>>> print(open('upload.txt').read())   # compact mmCIF, C-alpha atoms
# COMPACT_ATOMS: atom_id res chain seq x y z
CA MET S 220 -6.28 -9.61 -19.22
CA ASN S 221 -6.55 -6.66 -16.83
CA GLN S 222 -5.03 -3.53 -18.34
CA LEU S 223 -3.34 -0.76 -16.34
CA ILE S 224 -2.33 2.26 -18.40
CA GLU S 225 0.25 4.50 -16.78
CA SER S 226 -0.17 8.29 -16.82
CA SER S 227 3.13 8.60 -18.71
CA GLN S 228 1.38 7.15 -21.77
CA VAL S 229 -1.12 9.98 -22.17
CA SER S 230 -0.91 12.68 -24.83
CA LEU S 231 -2.53 16.11 -25.06
CA PRO S 232 -5.40 16.13 -24.32
CA ASN S 233 -4.78 13.12 -22.13
CA ARG S 234 -7.33 10.50 -23.08
CA LEU S 235 -6.94 6.94 -21.88
CA HIS S 236 -9.10 4.08 -23.05
CA ALA S 237 -9.74 0.41 -22.44
CA GLN S 238 -7.96 -1.92 -24.86
CA TRP S 239 -11.12 -3.18 -26.55
CA ALA S 240 -11.16 -3.97 -30.27
CA ILE S 241 -14.88 -3.41 -30.88
CA GLY S 242 -16.01 -2.05 -34.23
CA GLY S 243 -17.91 1.22 -34.10
CA LEU S 244 -17.32 1.76 -30.37
CA ALA S 245 -15.90 5.04 -29.09
CA GLN S 246 -14.82 5.20 -25.46
CA GLY S 247 -12.32 6.95 -23.30
CA PHE S 248 -11.34 8.65 -20.07
CA PHE S 249 -10.23 12.27 -20.39
CA GLY S 250 -7.95 13.93 -17.88
CA ARG S 251 -7.45 17.65 -17.27
CA LEU S 252 -4.72 18.35 -19.82
CA GLY S 253 -5.29 19.98 -23.17
CA GLY S 254 -8.13 22.41 -22.40
CA VAL S 255 -8.40 26.18 -22.09
CA SER S 256 -9.84 26.68 -18.59
CA ARG S 257 -7.81 28.63 -16.05
CA GLY S 258 -7.19 28.85 -12.33
CA ARG S 259 -8.46 25.95 -10.25
CA PHE S 260 -10.25 24.67 -13.38
CA ALA S 261 -7.07 24.80 -15.46
CA GLY S 262 -7.19 22.39 -18.37
CA LEU S 263 -10.02 20.41 -19.88
CA ASN S 264 -12.81 21.10 -17.39
CA LEU S 265 -16.05 19.82 -18.95
CA SER S 266 -18.54 20.83 -16.26
CA TYR S 267 -20.66 23.98 -16.55
CA LEU S 268 -21.71 23.65 -12.91
CA VAL S 269 -18.50 24.26 -10.96
CA GLY S 270 -18.07 27.99 -11.54
CA ASP S 271 -15.84 27.92 -14.62
CA GLU S 272 -16.29 30.45 -17.43
CA THR S 273 -18.96 29.25 -19.87
CA ALA S 274 -16.88 30.15 -22.92
CA SER S 275 -13.98 28.03 -21.64
CA VAL S 276 -16.19 25.02 -21.00
CA GLU S 277 -17.74 25.34 -24.45
CA ARG S 278 -14.28 25.38 -26.04
CA ASN S 279 -13.27 22.37 -23.97
CA TRP S 280 -16.32 20.51 -25.26
CA GLN S 281 -15.30 21.32 -28.81
CA ILE S 282 -11.93 19.74 -28.07
CA ALA S 283 -13.46 16.68 -26.42
CA ARG S 284 -15.99 16.06 -29.17
CA GLN S 285 -13.18 15.58 -31.68
CA SER S 286 -12.62 12.16 -30.07
CA MET S 287 -16.30 11.19 -30.30
CA PRO S 288 -18.33 9.94 -33.28
CA ALA S 289 -19.35 12.78 -35.58
CA GLY S 290 -22.94 13.86 -35.04
CA ALA S 291 -23.38 11.80 -31.89
CA ALA S 292 -26.05 12.88 -29.41
CA ILE S 293 -24.58 13.49 -25.96
CA ALA S 294 -26.35 11.99 -22.94
CA GLY S 295 -25.53 13.33 -19.50
CA LEU S 296 -26.85 13.40 -15.95
CA ASN S 297 -27.33 15.55 -12.92
CA GLN S 298 -25.21 13.25 -10.77
CA VAL S 299 -26.41 12.80 -7.19
CA HIS S 300 -24.16 10.05 -5.73
CA GLY S 301 -26.84 7.37 -5.79
CA ALA S 302 -27.60 4.20 -7.73
CA GLU S 303 -30.23 5.36 -10.25
CA VAL S 304 -29.44 4.16 -13.79
CA ARG S 305 -31.27 5.71 -16.74
CA CYS S 306 -31.96 4.00 -20.05
CA VAL S 307 -31.70 6.58 -22.84
CA GLY S 308 -32.69 6.88 -26.46
CA ARG S 309 -31.97 9.76 -28.82
CA ALA S 310 -35.00 11.74 -27.66
CA ASP S 311 -33.65 11.72 -24.08
CA CYS S 312 -30.33 13.37 -24.87
CA GLY S 313 -31.45 16.97 -24.48
CA SER S 314 -32.23 16.61 -20.78
CA ARG S 315 -30.08 15.94 -17.72
CA PRO S 316 -32.16 13.80 -15.33
CA GLU S 317 -30.95 12.97 -11.86
CA GLY S 318 -29.03 9.74 -11.61
CA ASP S 319 -25.58 8.22 -11.68
CA GLY S 320 -25.72 5.80 -14.57
CA LEU S 321 -26.70 5.71 -18.24
CA VAL S 322 -27.33 2.73 -20.53
CA THR S 323 -28.30 2.56 -24.17
CA ALA S 324 -28.71 0.11 -27.02
CA THR S 325 -29.10 2.93 -29.54
CA PRO S 326 -26.16 3.73 -31.83
CA GLY S 327 -25.35 7.38 -32.29
CA ILE S 328 -25.55 8.17 -28.56
CA VAL S 329 -22.49 8.91 -26.43
CA LEU S 330 -23.00 8.34 -22.71
CA THR S 331 -21.00 10.69 -20.47
CA ILE S 332 -19.99 10.80 -16.81
CA LEU S 333 -18.11 13.56 -14.97
CA THR S 334 -15.72 12.81 -12.09
CA ALA S 335 -12.86 14.17 -10.02
CA ASP S 336 -11.95 11.36 -7.57
CA CYS S 337 -14.99 9.09 -7.98
CA VAL S 338 -14.69 6.03 -10.23
CA PRO S 339 -15.91 6.36 -13.82
CA LEU S 340 -17.10 2.91 -14.90
CA LEU S 341 -17.64 2.11 -18.58
CA MET S 342 -19.21 -1.17 -19.71
CA VAL S 343 -20.12 -2.76 -23.03
CA ASP S 344 -21.61 -5.95 -24.43
CA ALA S 345 -20.12 -6.02 -27.91
CA ASN S 346 -22.44 -8.77 -29.20
CA ARG S 347 -25.64 -7.09 -28.03
CA ARG S 348 -24.35 -3.55 -28.74
CA VAL S 349 -25.31 -2.31 -25.29
CA ALA S 350 -23.20 0.32 -23.51
CA ALA S 351 -23.22 1.85 -20.04
CA ALA S 352 -21.47 4.66 -18.17
CA LEU S 353 -21.61 4.85 -14.37
CA HIS S 354 -20.45 7.38 -11.77
CA ALA S 355 -19.34 5.44 -8.68
CA GLY S 356 -18.36 7.41 -5.62
CA TRP S 357 -18.33 5.80 -2.21
CA ARG S 358 -22.04 6.49 -1.71
CA GLY S 359 -22.97 4.99 -5.06
CA THR S 360 -20.71 2.01 -4.47
CA VAL S 361 -22.39 1.27 -1.15
CA ALA S 362 -25.81 1.80 -2.78
CA GLY S 363 -25.05 -0.79 -5.48
CA ILE S 364 -24.52 1.32 -8.60
CA ALA S 365 -22.44 -1.45 -10.24
CA ALA S 366 -25.18 -4.07 -9.93
CA ALA S 367 -27.81 -1.54 -11.02
CA GLY S 368 -25.78 -0.84 -14.14
CA VAL S 369 -25.43 -4.51 -15.01
CA ASP S 370 -29.15 -5.07 -14.41
CA ALA S 371 -30.02 -2.16 -16.71
CA MET S 372 -27.80 -3.58 -19.44
CA VAL S 373 -29.37 -7.02 -19.06
CA ALA S 374 -32.81 -5.41 -19.42
CA LEU S 375 -31.66 -4.22 -22.86
CA GLY S 376 -30.51 -7.71 -23.87
CA ALA S 377 -26.94 -7.85 -22.59
CA SER S 378 -25.47 -10.94 -20.97
CA PRO S 379 -23.34 -10.54 -17.82
CA ALA S 380 -20.87 -13.06 -19.19
CA GLY S 381 -20.53 -10.94 -22.33
CA ILE S 382 -19.98 -7.61 -20.58
CA ARG S 383 -16.57 -5.95 -20.47
CA ALA S 384 -15.91 -3.21 -17.93
CA ALA S 385 -13.28 -0.52 -17.42
CA LEU S 386 -12.72 1.26 -14.11
CA GLY S 387 -11.17 4.60 -14.97
CA PRO S 388 -8.83 7.07 -13.26
CA SER S 389 -9.99 7.69 -9.69
CA ILE S 390 -8.66 8.03 -6.19
CA GLY S 391 -6.64 4.98 -5.28
CA PRO S 392 -6.24 2.90 -2.12
CA CYS S 393 -3.05 4.85 -1.51
CA CYS S 394 -5.00 8.08 -0.96
CA PHE S 395 -8.64 7.30 -0.17
CA GLU S 396 -8.38 7.59 3.60
CA VAL S 397 -11.72 7.78 5.45
CA ASP S 398 -13.03 7.64 8.99
CA ALA S 399 -13.08 4.13 10.42
CA ASP S 400 -16.87 4.22 10.82
CA LEU S 401 -17.29 4.82 7.08
CA ALA S 402 -14.97 1.92 6.36
CA ALA S 403 -17.15 -0.20 8.66
CA ARG S 404 -20.19 0.73 6.55
CA PHE S 405 -18.39 -0.65 3.52
CA THR S 406 -17.57 -3.93 5.20
CA ASP S 407 -21.13 -4.23 6.56
CA ARG S 408 -22.97 -3.41 3.34
CA CYS S 409 -20.59 -4.51 0.56
CA GLU S 410 -19.85 -8.22 0.38
CA SER S 411 -16.09 -8.94 0.30
CA ALA S 412 -15.30 -5.23 0.86
CA ALA S 413 -13.24 -6.24 3.88
CA HIS S 414 -10.56 -7.44 1.44
CA HIS S 415 -10.28 -3.86 0.13
CA VAL S 416 -10.24 -1.93 3.41
CA HIS S 417 -6.96 -1.43 5.27
CA SER S 418 -6.12 0.28 8.53
CA GLY S 419 -4.66 3.77 8.43
CA ARG S 420 -3.92 6.27 11.17
CA PRO S 421 -5.82 5.89 14.46
CA GLY S 422 -9.52 6.14 13.67
CA LYS S 423 -8.88 6.02 9.92
CA ALA S 424 -8.82 3.42 7.14
CA PHE S 425 -7.99 3.23 3.44
CA ILE S 426 -10.52 1.93 0.90
CA ASP S 427 -9.81 0.55 -2.57
CA LEU S 428 -12.95 1.69 -4.42
CA ARG S 429 -11.98 0.04 -7.69
CA GLY S 430 -11.29 -3.18 -5.84
CA VAL S 431 -14.73 -3.11 -4.20
CA LEU S 432 -16.42 -2.39 -7.54
CA ARG S 433 -14.48 -5.17 -9.24
CA GLY S 434 -15.76 -7.63 -6.64
CA GLN S 435 -19.32 -6.40 -7.12
CA LEU S 436 -19.08 -6.83 -10.89
CA VAL S 437 -17.74 -10.36 -10.56
CA ARG S 438 -20.66 -11.24 -8.29
CA CYS S 439 -22.97 -9.88 -11.01
CA GLY S 440 -21.58 -12.47 -13.41
CA LEU S 441 -18.75 -10.63 -15.19
CA ASP S 442 -15.53 -12.50 -15.87
CA SER S 443 -12.71 -11.09 -13.75
CA ASP S 444 -10.45 -10.94 -16.81
CA ALA S 445 -13.05 -8.76 -18.56
CA ILE S 446 -12.68 -6.01 -15.94
CA ALA S 447 -9.87 -3.52 -16.61
CA SER S 448 -8.35 -0.87 -14.35
CA VAL S 449 -7.37 2.10 -16.53
CA GLY S 450 -5.17 4.93 -15.32
CA PRO S 451 -3.59 6.17 -12.11
CA CYS S 452 -4.81 7.51 -8.79
CA THR S 453 -6.25 10.96 -9.49
CA ARG S 454 -4.82 12.44 -6.31
CA CYS S 455 -1.32 11.13 -6.99
CA ALA S 456 -1.57 12.38 -10.59
CA GLY S 457 -3.20 15.70 -9.73
CA ASP S 458 -1.19 17.44 -12.44
CA CYS S 459 -2.98 15.31 -15.06
CA TYR S 460 -6.38 14.80 -13.39
CA PHE S 461 -8.84 16.90 -11.43
CA SER S 462 -8.90 15.73 -7.81
CA ARG S 463 -10.85 17.22 -4.92
CA ARG S 464 -8.50 15.49 -2.48
CA ALA S 465 -5.45 16.94 -4.20
CA ALA S 466 -7.12 20.38 -4.02
CA GLY S 467 -7.62 20.05 -0.27
CA GLY S 468 -11.35 19.57 -0.64
CA ASN S 469 -11.81 22.76 -2.66
CA LEU S 470 -14.00 22.88 -5.75
CA THR S 471 -12.17 21.89 -8.95
CA GLY S 472 -13.00 21.09 -12.53
CA LEU S 473 -14.37 17.72 -13.61
CA GLN S 474 -13.07 15.34 -16.25
CA LEU S 475 -15.22 13.39 -18.68
CA SER S 476 -15.52 9.68 -19.41
CA TYR S 477 -17.62 8.52 -22.35
CA ILE S 478 -18.79 5.50 -24.33
CA GLY S 479 -21.09 4.87 -27.28
CA PHE S 480 -21.51 3.23 -30.67
CA ALA S 481 -21.32 5.35 -33.80
CA ALA S 482 -24.55 5.78 -35.74
CA GLY S 483 -24.89 3.11 -38.38
CA SER S 484 -22.58 0.65 -36.62
CA GLY S 485 -24.09 -2.81 -36.68
CA SER S 486 -23.55 -6.11 -34.94
>>> encode(input="upload.txt", output="structure tokens")
Amino acid sequence: MNQLIESSQVSLPNRLHAQWAIGGLAQGFFGRLGGVSRGRFAGLNLSYLVGDETASVERNWQIARQSMPAGAAIAGLNQVHGAEVRCVGRADCGSRPEGDGLVTATPGIVLTILTADCVPLLMVDANRRVAAALHAGWRGTVAGIAAAGVDAMVALGASPAGIRAALGPSIGPCCFEVDADLAARFTDRCESAAHHVHSGRPGKAFIDLRGVLRGQLVRCGLDSDAIASVGPCTRCAGDCYFSRRAAGGNLTGLQLSYIGFAAGSGS
């Protein structure tokens, strides 16, 4: 069934995860607690590209890697708010190509996504041993990043009916207020998005990004009960999560979400 994990359940560092009992799979959604960064990056900032001190980010990565399979190769991206999904093997893990999604069928690789308010989306087909990590902001959601991720998994042998998905901590419908014309773009370009857009102040509307993505995944063939919502609204829980909205639009740190099978794990 759908799983909602409250922020009160986190520990230091705060790492939430989908309730999947899958042998050899490591996955989770970090928040900002437990790291060594300071100032507006205070906590477990895992991005080198936001202006944080390099030494602090390196120490934060040491902390984060303790939750990942030993010796795993880390795959990351130069995220651009689009719908490009990259298939990666071990030889690809030293580069950071542009894109907003990663898929792999190779054990020993951990796929990583960085977010503040955007939706981190982790997916897995346990039978086919295929994993995916997607970065879904509003632009990527409109562009179809969810369907692109499912298609990339299917290309590696996954079955939509066998895929489980987890939508991680991100800005919620309580706080994602946008201009009405942007909300209209959602309803025009995203089927059933109208069910997840609600009127706000004059000229404004609220969007439920996770709700829109859930609908897109179901249309791709996933079972609704295989799609979990994990964690709170990042703006509401700004003490536990980096949030650009909570910071008034100012640059903040970024938290990491990850997924991958340990090397040597079999079907």
>>> closest_atom_pairs(input="upload.txt", of="stretch 312-384 of chain S", to="stretch 277-295 of chain S", cutoff="8 Å", atoms="all atoms listed in the file", output="Markdown table")
| residue | atom | partner | partner_atom | distance |
| --- | --- | --- | --- | --- |
| S:Cys312 | CA | S:Ala294 | CA | 4.6 |
| S:Gly313 | CA | S:Ala294 | CA | 7.3 |
| S:Ser314 | CA | S:Gly295 | CA | 7.6 |
| S:Arg315 | CA | S:Gly295 | CA | 5.5 |
| S:Pro316 | CA | S:Gly295 | CA | 7.8 |
| S:Leu321 | CA | S:Gly295 | CA | 7.8 |
| S:Gly327 | CA | S:Ala291 | CA | 4.9 |
| S:Ile328 | CA | S:Ala292 | CA | 4.8 |
| S:Val329 | CA | S:Ile293 | CA | 5.1 |
| S:Leu330 | CA | S:Ala294 | CA | 5.0 |
| S:Thr331 | CA | S:Gly295 | CA | 5.3 |
| S:Ile332 | CA | S:Gly295 | CA | 6.7 |
>>> closest_residue(input="upload.txt", among="S:Val269, S:Val397, S:Val322, S:Cys439", to="S:Ala371", atoms="all atoms listed in the file")
S:Val322
>>> residues_near_point(input="upload.txt", point="(-20.7, -1.5, -10.6)", cutoff="12 Å", atoms="only C-alpha atoms", output="ChimeraX atom specification")
/S:301-304,319-320,338-342,351-357,359-372,379,382-386,409,428-441,446
>>> write_last_selection(input="upload.txt", atoms="C-alpha atoms", output="PDB file, in the coordinates of the input")
ATOM      1  CA  GLY S 301     -26.840   7.370  -5.790  1.00  0.00           C
ATOM      2  CA  ALA S 302     -27.600   4.200  -7.730  1.00  0.00           C
ATOM      3  CA  GLU S 303     -30.230   5.360 -10.250  1.00  0.00           C
ATOM      4  CA  VAL S 304     -29.440   4.160 -13.790  1.00  0.00           C
ATOM      5  CA  ASP S 319     -25.580   8.220 -11.680  1.00  0.00           C
ATOM      6  CA  GLY S 320     -25.720   5.800 -14.570  1.00  0.00           C
ATOM      7  CA  VAL S 338     -14.690   6.030 -10.230  1.00  0.00           C
ATOM      8  CA  PRO S 339     -15.910   6.360 -13.820  1.00  0.00           C
ATOM      9  CA  LEU S 340     -17.100   2.910 -14.900  1.00  0.00           C
ATOM     10  CA  LEU S 341     -17.640   2.110 -18.580  1.00  0.00           C
ATOM     11  CA  MET S 342     -19.210  -1.170 -19.710  1.00  0.00           C
ATOM     12  CA  ALA S 351     -23.220   1.850 -20.040  1.00  0.00           C
ATOM     13  CA  ALA S 352     -21.470   4.660 -18.170  1.00  0.00           C
ATOM     14  CA  LEU S 353     -21.610   4.850 -14.370  1.00  0.00           C
ATOM     15  CA  HIS S 354     -20.450   7.380 -11.770  1.00  0.00           C
ATOM     16  CA  ALA S 355     -19.340   5.440  -8.680  1.00  0.00           C
ATOM     17  CA  GLY S 356     -18.360   7.410  -5.620  1.00  0.00           C
ATOM     18  CA  TRP S 357     -18.330   5.800  -2.210  1.00  0.00           C
ATOM     19  CA  GLY S 359     -22.970   4.990  -5.060  1.00  0.00           C
ATOM     20  CA  THR S 360     -20.710   2.010  -4.470  1.00  0.00           C
ATOM     21  CA  VAL S 361     -22.390   1.270  -1.150  1.00  0.00           C
ATOM     22  CA  ALA S 362     -25.810   1.800  -2.780  1.00  0.00           C
ATOM     23  CA  GLY S 363     -25.050  -0.790  -5.480  1.00  0.00           C
ATOM     24  CA  ILE S 364     -24.520   1.320  -8.600  1.00  0.00           C
ATOM     25  CA  ALA S 365     -22.440  -1.450 -10.240  1.00  0.00           C
ATOM     26  CA  ALA S 366     -25.180  -4.070  -9.930  1.00  0.00           C
ATOM     27  CA  ALA S 367     -27.810  -1.540 -11.020  1.00  0.00           C
ATOM     28  CA  GLY S 368     -25.780  -0.840 -14.140  1.00  0.00           C
ATOM     29  CA  VAL S 369     -25.430  -4.510 -15.010  1.00  0.00           C
ATOM     30  CA  ASP S 370     -29.150  -5.070 -14.410  1.00  0.00           C
ATOM     31  CA  ALA S 371     -30.020  -2.160 -16.710  1.00  0.00           C
ATOM     32  CA  MET S 372     -27.800  -3.580 -19.440  1.00  0.00           C
ATOM     33  CA  PRO S 379     -23.340 -10.540 -17.820  1.00  0.00           C
ATOM     34  CA  ILE S 382     -19.980  -7.610 -20.580  1.00  0.00           C
ATOM     35  CA  ARG S 383     -16.570  -5.950 -20.470  1.00  0.00           C
ATOM     36  CA  ALA S 384     -15.910  -3.210 -17.930  1.00  0.00           C
ATOM     37  CA  ALA S 385     -13.280  -0.520 -17.420  1.00  0.00           C
ATOM     38  CA  LEU S 386     -12.720   1.260 -14.110  1.00  0.00           C
ATOM     39  CA  CYS S 409     -20.590  -4.510   0.560  1.00  0.00           C
ATOM     40  CA  LEU S 428     -12.950   1.690  -4.420  1.00  0.00           C
ATOM     41  CA  ARG S 429     -11.980   0.040  -7.690  1.00  0.00           C
ATOM     42  CA  GLY S 430     -11.290  -3.180  -5.840  1.00  0.00           C
ATOM     43  CA  VAL S 431     -14.730  -3.110  -4.200  1.00  0.00           C
ATOM     44  CA  LEU S 432     -16.420  -2.390  -7.540  1.00  0.00           C
ATOM     45  CA  ARG S 433     -14.480  -5.170  -9.240  1.00  0.00           C
ATOM     46  CA  GLY S 434     -15.760  -7.630  -6.640  1.00  0.00           C
ATOM     47  CA  GLN S 435     -19.320  -6.400  -7.120  1.00  0.00           C
ATOM     48  CA  LEU S 436     -19.080  -6.830 -10.890  1.00  0.00           C
ATOM     49  CA  VAL S 437     -17.740 -10.360 -10.560  1.00  0.00           C
ATOM     50  CA  ARG S 438     -20.660 -11.240  -8.290  1.00  0.00           C
ATOM     51  CA  CYS S 439     -22.970  -9.880 -11.010  1.00  0.00           C
ATOM     52  CA  GLY S 440     -21.580 -12.470 -13.410  1.00  0.00           C
ATOM     53  CA  LEU S 441     -18.750 -10.630 -15.190  1.00  0.00           C
ATOM     54  CA  ILE S 446     -12.680  -6.010 -15.940  1.00  0.00           C
TER      55      ILE S 446
END
>>> closest_residue(input="upload.txt", among="S:Gly381, S:Pro392, S:Leu263, S:Arg347", to="S:Asp442", atoms="all atoms listed in the file")
S:Gly381
>>> residues_near_point(input="upload.txt", point="(-9.4, 10.2, -7.4)", cutoff="7 Å", atoms="all atoms listed in the file", output="ChimeraX atom specification")
/S:335-337,388-391,452-454,462
>>> build_atoms(input="upload.txt", residues="stretch 367-386 of chain S", atoms="N, CA and C atoms", output="mmCIF file, in the coordinates of the input")
data_model
loop_
_atom_site.group_PDB
_atom_site.id
_atom_site.type_symbol
_atom_site.label_atom_id
_atom_site.label_comp_id
_atom_site.auth_asym_id
_atom_site.auth_seq_id
_atom_site.Cartn_x
_atom_site.Cartn_y
_atom_site.Cartn_z
ATOM 1 N N ALA S 367 -26.715 -2.212 -10.322
ATOM 2 C CA ALA S 367 -27.810 -1.540 -11.020
ATOM 3 C C ALA S 367 -27.468 -1.327 -12.484
ATOM 4 N N GLY S 368 -26.199 -1.008 -12.763
ATOM 5 C CA GLY S 368 -25.780 -0.840 -14.140
ATOM 6 C C GLY S 368 -25.835 -2.133 -14.933
ATOM 7 N N VAL S 369 -25.375 -3.214 -14.333
ATOM 8 C CA VAL S 369 -25.430 -4.510 -15.010
ATOM 9 C C VAL S 369 -26.888 -4.911 -15.249
ATOM 10 N N ASP S 370 -27.733 -4.728 -14.253
ATOM 11 C CA ASP S 370 -29.150 -5.070 -14.410
ATOM 12 C C ASP S 370 -29.794 -4.270 -15.541
ATOM 13 N N ALA S 371 -29.457 -2.996 -15.656
ATOM 14 C CA ALA S 371 -30.020 -2.160 -16.710
ATOM 15 C C ALA S 371 -29.541 -2.611 -18.085
ATOM 16 N N MET S 372 -28.297 -3.060 -18.177
ATOM 17 C CA MET S 372 -27.800 -3.580 -19.440
ATOM 18 C C MET S 372 -28.499 -4.884 -19.806
ATOM 19 N N VAL S 373 -28.692 -5.752 -18.819
ATOM 20 C CA VAL S 373 -29.370 -7.020 -19.060
ATOM 21 C C VAL S 373 -30.806 -6.780 -19.543
ATOM 22 N N ALA S 374 -31.453 -5.753 -19.000
ATOM 23 C CA ALA S 374 -32.810 -5.410 -19.420
ATOM 24 C C ALA S 374 -32.865 -5.011 -20.891
ATOM 25 N N LEU S 375 -31.727 -4.577 -21.439
ATOM 26 C CA LEU S 375 -31.660 -4.220 -22.860
ATOM 27 C C LEU S 375 -31.120 -5.356 -23.718
ATOM 28 N N GLY S 376 -30.926 -6.532 -23.110
ATOM 29 C CA GLY S 376 -30.510 -7.710 -23.870
ATOM 30 C C GLY S 376 -29.085 -8.158 -23.665
ATOM 31 N N ALA S 377 -28.335 -7.455 -22.835
ATOM 32 C CA ALA S 377 -26.940 -7.850 -22.590
ATOM 33 C C ALA S 377 -26.877 -9.096 -21.722
ATOM 34 N N SER S 378 -25.742 -9.778 -21.811
ATOM 35 C CA SER S 378 -25.470 -10.940 -20.970
ATOM 36 C C SER S 378 -24.323 -10.610 -20.032
ATOM 37 N N PRO S 379 -24.454 -10.840 -18.724
ATOM 38 C CA PRO S 379 -23.340 -10.540 -17.820
ATOM 39 C C PRO S 379 -22.029 -11.170 -18.260
ATOM 40 N N ALA S 380 -22.094 -12.389 -18.766
ATOM 41 C CA ALA S 380 -20.870 -13.060 -19.190
ATOM 42 C C ALA S 380 -20.253 -12.407 -20.428
ATOM 43 N N GLY S 381 -21.030 -11.610 -21.141
ATOM 44 C CA GLY S 381 -20.530 -10.940 -22.330
ATOM 45 C C GLY S 381 -20.144 -9.487 -22.108
ATOM 46 N N ILE S 382 -20.261 -9.012 -20.879
ATOM 47 C CA ILE S 382 -19.980 -7.610 -20.580
ATOM 48 C C ILE S 382 -18.496 -7.425 -20.255
ATOM 49 N N ARG S 383 -17.906 -6.405 -20.835
ATOM 50 C CA ARG S 383 -16.570 -5.950 -20.470
ATOM 51 C C ARG S 383 -16.700 -4.632 -19.734
ATOM 52 N N ALA S 384 -15.841 -4.405 -18.757
ATOM 53 C CA ALA S 384 -15.910 -3.210 -17.930
ATOM 54 C C ALA S 384 -14.537 -2.583 -17.783
ATOM 55 N N ALA S 385 -14.525 -1.254 -17.658
ATOM 56 C CA ALA S 385 -13.280 -0.520 -17.420
ATOM 57 C C ALA S 385 -13.505 0.481 -16.297
ATOM 58 N N LEU S 386 -12.690 0.358 -15.266
ATOM 59 C CA LEU S 386 -12.720 1.260 -14.110
ATOM 60 C C LEU S 386 -11.645 2.321 -14.331
#
